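Trainee: Shown below is the structure under consideration.
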Amino acid sequence: MMKQKKTWKQWAVLAIAVMMVFTLAACGSKEKEETNNGTTGEGKTAEEVTLKVGATPVPHAEILNEIKPLLKEQGVNLEIVEFNDYVQPNVQVYEKQIDANFFQHTPYLEQFNKDKGYDLVTVTGVHLEPLGAYSKKITKVDELKDGAKVAIPNDATNGGRALTLLEKNGFLKLKEGVGVNATVGDIVDNPKKLKITELEAATLPRVLDEVDMAIINTNYALEADLVPTKDALFLESKDSPYVNILVSRPDNKDSEAMQKLAKALNSDAVKTFIEQKYNGAVVPAF
């Protein structure tokens, strides 16, 4: 039999079919390429997660800034909110204005939760900031005169911590067993009759001209350009239990983004950064 010649309509249908095949193939190839590049089939970039973390400027915000690029690569946009007090970072985490904070140690968090009825939780420990004694009027501890004015933090845990440090260095004696929960009322012996004043922790570097000695948290000492290992009359020992921690809420503690942040804070890169930048004034705790 002789083959029939195709009509122009049949040729047109065939041409359209071929075009459709190539078009679908091209679309599939593009979709695959977009997927491999981390975009959706609609050409949209995969959604980045933002974590808002409150921190005191030094060293906490500095450490967080160090890991921002690493987290960015992992799909976490780290937004750092700086605070200069020890109250609002916890309040704002609890009220869900921010996701986490990085500025405090466990005894402070436990006392804050107890006082406020909060349930904030520890995500991970990061570093230790030894509490230190500073002065602009003396250069050696044995130069501290009787009746000298000594300023300490006025919050419960750091106040007790400061009194314990004074006791360990022979300046006073506290009631047996009070430990870091000590208050000025727990002083049972004050041989040098020190006049102890309780002030907000952040203000202590600014009153050094007005007192004979002040017990200052390392983060505020660093902000005031004091070098703990050089300028402090004495420091807490490195076995202090006051490790600074990353804190969040129970509802977001185990989120993927929070765990990426915790892992980054406990990385070798952060350990090296702390050791090189702070020269012993801040000590890695991992």
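Every chain in the structure tokens takes a letter, A first, then B, and so on in the order presented; its residues are numbered from 1, and the ligands are numbered from 1 following the presented order.
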For stretch 218-235 of chain A, list every protein, DNA or RNA residue within 10 Å, evaluated using only C-alpha atoms, and leave out those in the same chain fewer than 5 positions away; present the list as JSON, numbers by chain.
Mentor: {"A": [56, 57, 58, 59, 60, 84, 103, 128, 129, 130, 131, 132, 133, 134, 135, 136, 138, 139, 140, 141, 142, 165, 166, 169, 201, 202, 203, 204, 205, 206, 213, 278, 279, 280, 281, 282]}
Trainee: Hey, can you spit out that residue selection with N, CA, C and O atoms as a compact mmCIF listing (two decimals), in the first residue's frame?
Mentor:
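The resulting file, out_27.txt, is shown below:
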```txt
# COMPACT_ATOMS: atom_id res chain seq x y z
N THR A 56 24.29 41.81 77.01
CA THR A 56 25.07 42.98 77.42
C THR A 56 26.22 43.13 76.43
O THR A 56 26.69 42.14 75.85
N PRO A 57 26.68 44.36 76.20
CA PRO A 57 27.62 44.63 75.10
C PRO A 57 28.91 43.83 75.14
O PRO A 57 29.35 43.30 74.10
N VAL A 58 29.56 43.77 76.33
CA VAL A 58 30.86 43.11 76.43
C VAL A 58 30.83 42.09 77.57
O VAL A 58 30.43 42.43 78.67
N PRO A 59 31.24 40.86 77.33
CA PRO A 59 31.70 40.29 76.07
C PRO A 59 30.59 39.61 75.26
O PRO A 59 30.82 39.13 74.17
N HIS A 60 29.38 39.58 75.84
CA HIS A 60 28.31 38.75 75.27
C HIS A 60 27.95 39.12 73.83
O HIS A 60 27.90 38.24 72.96
N ASN A 84 21.84 47.21 78.88
CA ASN A 84 22.82 47.63 79.87
C ASN A 84 22.30 47.43 81.29
O ASN A 84 22.72 48.10 82.22
N PHE A 103 23.64 36.79 79.10
CA PHE A 103 24.26 37.80 79.95
C PHE A 103 24.46 37.34 81.39
O PHE A 103 25.19 37.98 82.15
N LEU A 128 32.94 31.89 81.65
CA LEU A 128 32.99 32.42 83.01
C LEU A 128 33.65 33.79 83.00
O LEU A 128 34.65 33.99 82.32
N GLU A 129 33.06 34.73 83.73
CA GLU A 129 33.64 36.05 83.89
C GLU A 129 33.97 36.26 85.37
O GLU A 129 33.08 36.54 86.18
N PRO A 130 35.22 36.09 85.75
CA PRO A 130 35.57 36.22 87.16
C PRO A 130 35.24 37.61 87.72
O PRO A 130 35.59 38.63 87.11
N LEU A 131 34.55 37.65 88.85
CA LEU A 131 34.27 38.91 89.54
C LEU A 131 35.58 39.45 90.10
O LEU A 131 36.43 38.67 90.55
N GLY A 132 35.76 40.76 90.06
CA GLY A 132 37.03 41.33 90.53
C GLY A 132 36.89 42.57 91.37
O GLY A 132 35.85 43.25 91.34
N ALA A 133 37.93 42.87 92.13
CA ALA A 133 37.98 44.08 92.96
C ALA A 133 38.85 45.12 92.26
O ALA A 133 39.97 44.81 91.84
N TYR A 134 38.34 46.36 92.14
CA TYR A 134 39.05 47.42 91.43
C TYR A 134 39.11 48.69 92.29
O TYR A 134 38.25 48.93 93.13
N SER A 135 40.13 49.48 92.04
CA SER A 135 40.27 50.74 92.77
C SER A 135 41.09 51.74 91.97
O SER A 135 41.97 51.34 91.19
N LYS A 136 40.79 53.01 92.17
CA LYS A 136 41.60 54.08 91.60
C LYS A 136 42.43 54.75 92.69
O LYS A 136 43.21 55.66 92.40
N ILE A 138 44.01 52.79 95.43
CA ILE A 138 45.06 51.92 95.94
C ILE A 138 45.53 50.99 94.83
O ILE A 138 44.81 50.75 93.86
N THR A 139 46.74 50.48 94.97
CA THR A 139 47.28 49.56 93.97
C THR A 139 47.53 48.16 94.56
O THR A 139 47.80 47.23 93.82
N LYS A 140 47.43 48.04 95.89
CA LYS A 140 47.59 46.75 96.57
C LYS A 140 46.51 46.62 97.63
O LYS A 140 46.10 47.61 98.24
N VAL A 141 46.07 45.40 97.86
CA VAL A 141 44.98 45.19 98.82
C VAL A 141 45.37 45.60 100.24
O VAL A 141 44.52 46.04 101.02
N ASP A 142 46.65 45.47 100.59
CA ASP A 142 47.04 45.82 101.95
C ASP A 142 47.06 47.34 102.19
O ASP A 142 47.30 47.81 103.30
N LEU A 165 33.56 36.82 97.93
CA LEU A 165 34.90 37.14 97.45
C LEU A 165 35.67 37.95 98.48
O LEU A 165 36.87 37.71 98.71
N LEU A 166 34.98 38.90 99.12
CA LEU A 166 35.63 39.69 100.17
C LEU A 166 36.03 38.80 101.35
O LEU A 166 37.10 38.96 101.94
N ASN A 169 39.13 36.78 100.66
CA ASN A 169 40.36 37.58 100.69
C ASN A 169 40.62 38.21 102.06
O ASN A 169 41.45 39.11 102.18
N ALA A 201 24.78 47.06 89.45
CA ALA A 201 26.05 46.55 88.91
C ALA A 201 26.62 47.41 87.79
O ALA A 201 27.83 47.64 87.73
N ALA A 202 25.77 47.90 86.90
CA ALA A 202 26.24 48.67 85.75
C ALA A 202 26.88 50.00 86.14
O ALA A 202 27.68 50.56 85.38
N THR A 203 26.56 50.52 87.31
CA THR A 203 27.07 51.83 87.72
C THR A 203 28.42 51.74 88.43
O THR A 203 29.08 52.76 88.61
N LEU A 204 28.83 50.56 88.81
CA LEU A 204 30.02 50.42 89.66
C LEU A 204 31.31 51.00 89.05
O LEU A 204 32.07 51.67 89.77
N PRO A 205 31.59 50.78 87.75
CA PRO A 205 32.81 51.39 87.21
C PRO A 205 32.79 52.92 87.30
O PRO A 205 33.85 53.54 87.43
N ARG A 206 31.60 53.50 87.27
CA ARG A 206 31.49 54.97 87.27
C ARG A 206 31.67 55.58 88.65
O ARG A 206 31.81 56.80 88.76
N MET A 213 37.14 51.08 96.88
CA MET A 213 37.24 49.82 96.13
C MET A 213 35.84 49.41 95.70
O MET A 213 34.86 49.67 96.41
N TYR A 278 40.26 38.07 75.09
CA TYR A 278 40.11 38.53 76.47
C TYR A 278 41.26 38.17 77.40
O TYR A 278 41.28 38.58 78.56
N ASN A 279 42.20 37.41 76.91
CA ASN A 279 43.45 37.14 77.67
C ASN A 279 43.20 36.73 79.11
O ASN A 279 43.84 37.24 80.04
N GLY A 280 42.28 35.80 79.34
CA GLY A 280 42.05 35.29 80.68
C GLY A 280 41.00 36.03 81.48
O GLY A 280 40.58 35.58 82.54
N ALA A 281 40.54 37.19 80.99
CA ALA A 281 39.50 37.93 81.69
C ALA A 281 38.15 37.24 81.52
O ALA A 281 37.26 37.37 82.33
N VAL A 282 38.00 36.51 80.42
CA VAL A 282 36.83 35.70 80.15
C VAL A 282 37.36 34.30 79.83
O VAL A 282 38.29 34.15 79.03
```
Trainee: Among stretch 86-275 of chain A, which ones does DSSP assign to strand (DSSP E or B) (computed from the backbone)? Answer as a PyMOL selection string.
Mentor: chain A and resi 100-105+121-128+132-134+149-153+173-174+187-189+195-199+213-216+234-235+243-248
Trainee: So, with only C-alpha atoms as the atoms that count, which of A:Pro284, A:Pro69, A:Pro89, A:Gly75 lies closest to A:Gly54?
Mentor: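 So, comparing all the options, the nearest one is A:Pro89.
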Trainee: For the interface of stretch 97-125 of chain A with stretch 237-242 of chain A (cut-off 10 Å, counting only C-alpha atoms), please tabulate each contacting residue of stretch 97-125 of chain A alongside its nearest pair of atoms and their separation in Å to one decimal, rows sorted by chain and increasing number, as a tab-separated table.
Mentor:
```
residue	atom	partner	partner_atom	distance
A:Gln104	CA	A:Tyr242	CA	8.5
A:His105	CA	A:Tyr242	CA	5.3
A:Thr106	CA	A:Tyr242	CA	6.7
A:Pro107	CA	A:Tyr242	CA	7.3
A:Tyr108	CA	A:Tyr242	CA	8.9
A:Gly125	CA	A:Tyr242	CA	9.7
```
Trainee: When you look at stretch 261-273 of chain A with a cut-off of 8 Å (counting only C-alpha atoms), what residues show up, excluding the ones that are within fewer than 3 positions of it in the same chain? I need them as JSON, numbers by chain.
Mentor: {"A": [63, 64, 66, 67, 70, 71, 123, 124, 126, 246, 257, 258, 276, 277, 284, 286]}
Trainee: Export, as a PDB file, in the first residue's frame, the selected residues with N, CA and C atoms.
Mentor:
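For reference, selection.pdb as written:
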```pdb
ATOM      1  N   ILE A  63      30.745  38.231  71.430  1.00  0.00           N
ATOM      2  CA  ILE A  63      30.806  36.803  71.115  1.00  0.00           C
ATOM      3  C   ILE A  63      29.717  36.436  70.105  1.00  0.00           C
ATOM      4  N   LEU A  64      28.524  36.979  70.309  1.00  0.00           N
ATOM      5  CA  LEU A  64      27.425  36.705  69.381  1.00  0.00           C
ATOM      6  C   LEU A  64      27.728  37.234  67.985  1.00  0.00           C
ATOM      7  N   GLU A  66      30.530  37.455  66.650  1.00  0.00           N
ATOM      8  CA  GLU A  66      31.557  36.596  66.061  1.00  0.00           C
ATOM      9  C   GLU A  66      30.933  35.417  65.310  1.00  0.00           C
ATOM     10  N   ILE A  67      29.779  34.941  65.774  1.00  0.00           N
ATOM     11  CA  ILE A  67      29.189  33.750  65.156  1.00  0.00           C
ATOM     12  C   ILE A  67      28.049  34.078  64.180  1.00  0.00           C
ATOM     13  N   LEU A  70      28.519  32.497  60.633  1.00  0.00           N
ATOM     14  CA  LEU A  70      28.351  31.044  60.650  1.00  0.00           C
ATOM     15  C   LEU A  70      26.871  30.675  60.680  1.00  0.00           C
ATOM     16  N   LEU A  71      26.099  31.350  61.521  1.00  0.00           N
ATOM     17  CA  LEU A  71      24.672  31.063  61.621  1.00  0.00           C
ATOM     18  C   LEU A  71      23.937  31.459  60.342  1.00  0.00           C
ATOM     19  N   VAL A 123      19.892  26.991  78.096  1.00  0.00           N
ATOM     20  CA  VAL A 123      20.105  26.242  76.860  1.00  0.00           C
ATOM     21  C   VAL A 123      21.496  25.613  76.878  1.00  0.00           C
ATOM     22  N   THR A 124      22.511  26.433  77.204  1.00  0.00           N
ATOM     23  CA  THR A 124      23.878  25.917  77.301  1.00  0.00           C
ATOM     24  C   THR A 124      24.750  26.907  78.060  1.00  0.00           C
ATOM     25  N   VAL A 126      28.421  28.879  78.464  1.00  0.00           N
ATOM     26  CA  VAL A 126      29.374  29.382  77.465  1.00  0.00           C
ATOM     27  C   VAL A 126      30.715  29.781  78.087  1.00  0.00           C
ATOM     28  N   LEU A 246      23.332  30.758  77.950  1.00  0.00           N
ATOM     29  CA  LEU A 246      22.318  31.148  76.979  1.00  0.00           C
ATOM     30  C   LEU A 246      20.974  30.721  77.559  1.00  0.00           C
ATOM     31  N   ALA A 257      16.687  26.284  65.334  1.00  0.00           N
ATOM     32  CA  ALA A 257      17.500  27.507  65.288  1.00  0.00           C
ATOM     33  C   ALA A 257      18.222  27.738  66.610  1.00  0.00           C
ATOM     34  N   MET A 258      17.533  27.498  67.745  1.00  0.00           N
ATOM     35  CA  MET A 258      18.153  27.703  69.061  1.00  0.00           C
ATOM     36  C   MET A 258      19.300  26.720  69.269  1.00  0.00           C
ATOM     37  N   GLN A 276      41.783  34.416  72.771  1.00  0.00           N
ATOM     38  CA  GLN A 276      42.671  35.396  72.138  1.00  0.00           C
ATOM     39  C   GLN A 276      42.260  36.833  72.433  1.00  0.00           C
ATOM     40  N   LYS A 277      40.962  37.090  72.529  1.00  0.00           N
ATOM     41  CA  LYS A 277      40.496  38.467  72.689  1.00  0.00           C
ATOM     42  C   LYS A 277      40.567  38.953  74.132  1.00  0.00           C
ATOM     43  N   PRO A 284      36.544  30.273  78.626  1.00  0.00           N
ATOM     44  CA  PRO A 284      35.582  29.323  78.053  1.00  0.00           C
ATOM     45  C   PRO A 284      35.181  28.282  79.086  1.00  0.00           C
ATOM     46  N   PHE A 286      33.496  25.336  78.204  1.00  0.00           N
ATOM     47  CA  PHE A 286      33.102  24.130  77.474  1.00  0.00           C
ATOM     48  C   PHE A 286      34.340  23.467  76.870  1.00  0.00           C
TER      49      PHE A 286
END
```
Trainee: Can you work out which one of A:Ile152, A:Ala100, A:Ala55, A:Val188 has the shortest atom-to-atom distance to A:Gln259, counting only C-alpha atoms?
Mentor: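 Ranked by minimum distance to A:Gln259, first place goes to A:Ala100.
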Trainee: Which residue out of A:Glu256, A:Glu176, A:Glu275, A:Asp212 has the minimum interatomic distance to A:Gln74 when only C-alpha atoms are used?
Mentor: A:Glu256
Trainee: For stretch 145-147 of chain A, list every protein, DNA or RNA residue within 12 Å, evaluated using only C-alpha atoms, and leave out those in the same chain fewer than 5 positions away; present the list as a ChimeraX atom specification.
Mentor: /A:137-138,140,171,190-196,211-213
Trainee: Please run DSSP on the backbone and report, as a count of residues only, all residues within stretch 108-223 of chain A that come out as alpha helix (DSSP H).
Mentor: 28
Trainee: Please determine, counting only C-alpha atoms, which residue among A:Asn217, A:Asn181, A:Thr157, A:Asn252 has the shortest atom-to-atom distance to A:Val93.
Mentor: A:Asn252
Trainee: Excluding A:Ile187 and residues on its chain fewer than 5 positions from it, collect all residues at most 8 Å away from it, counting only C-alpha atoms, and give them as a PyMOL selection string.
Mentor: chain A and resi 172-175
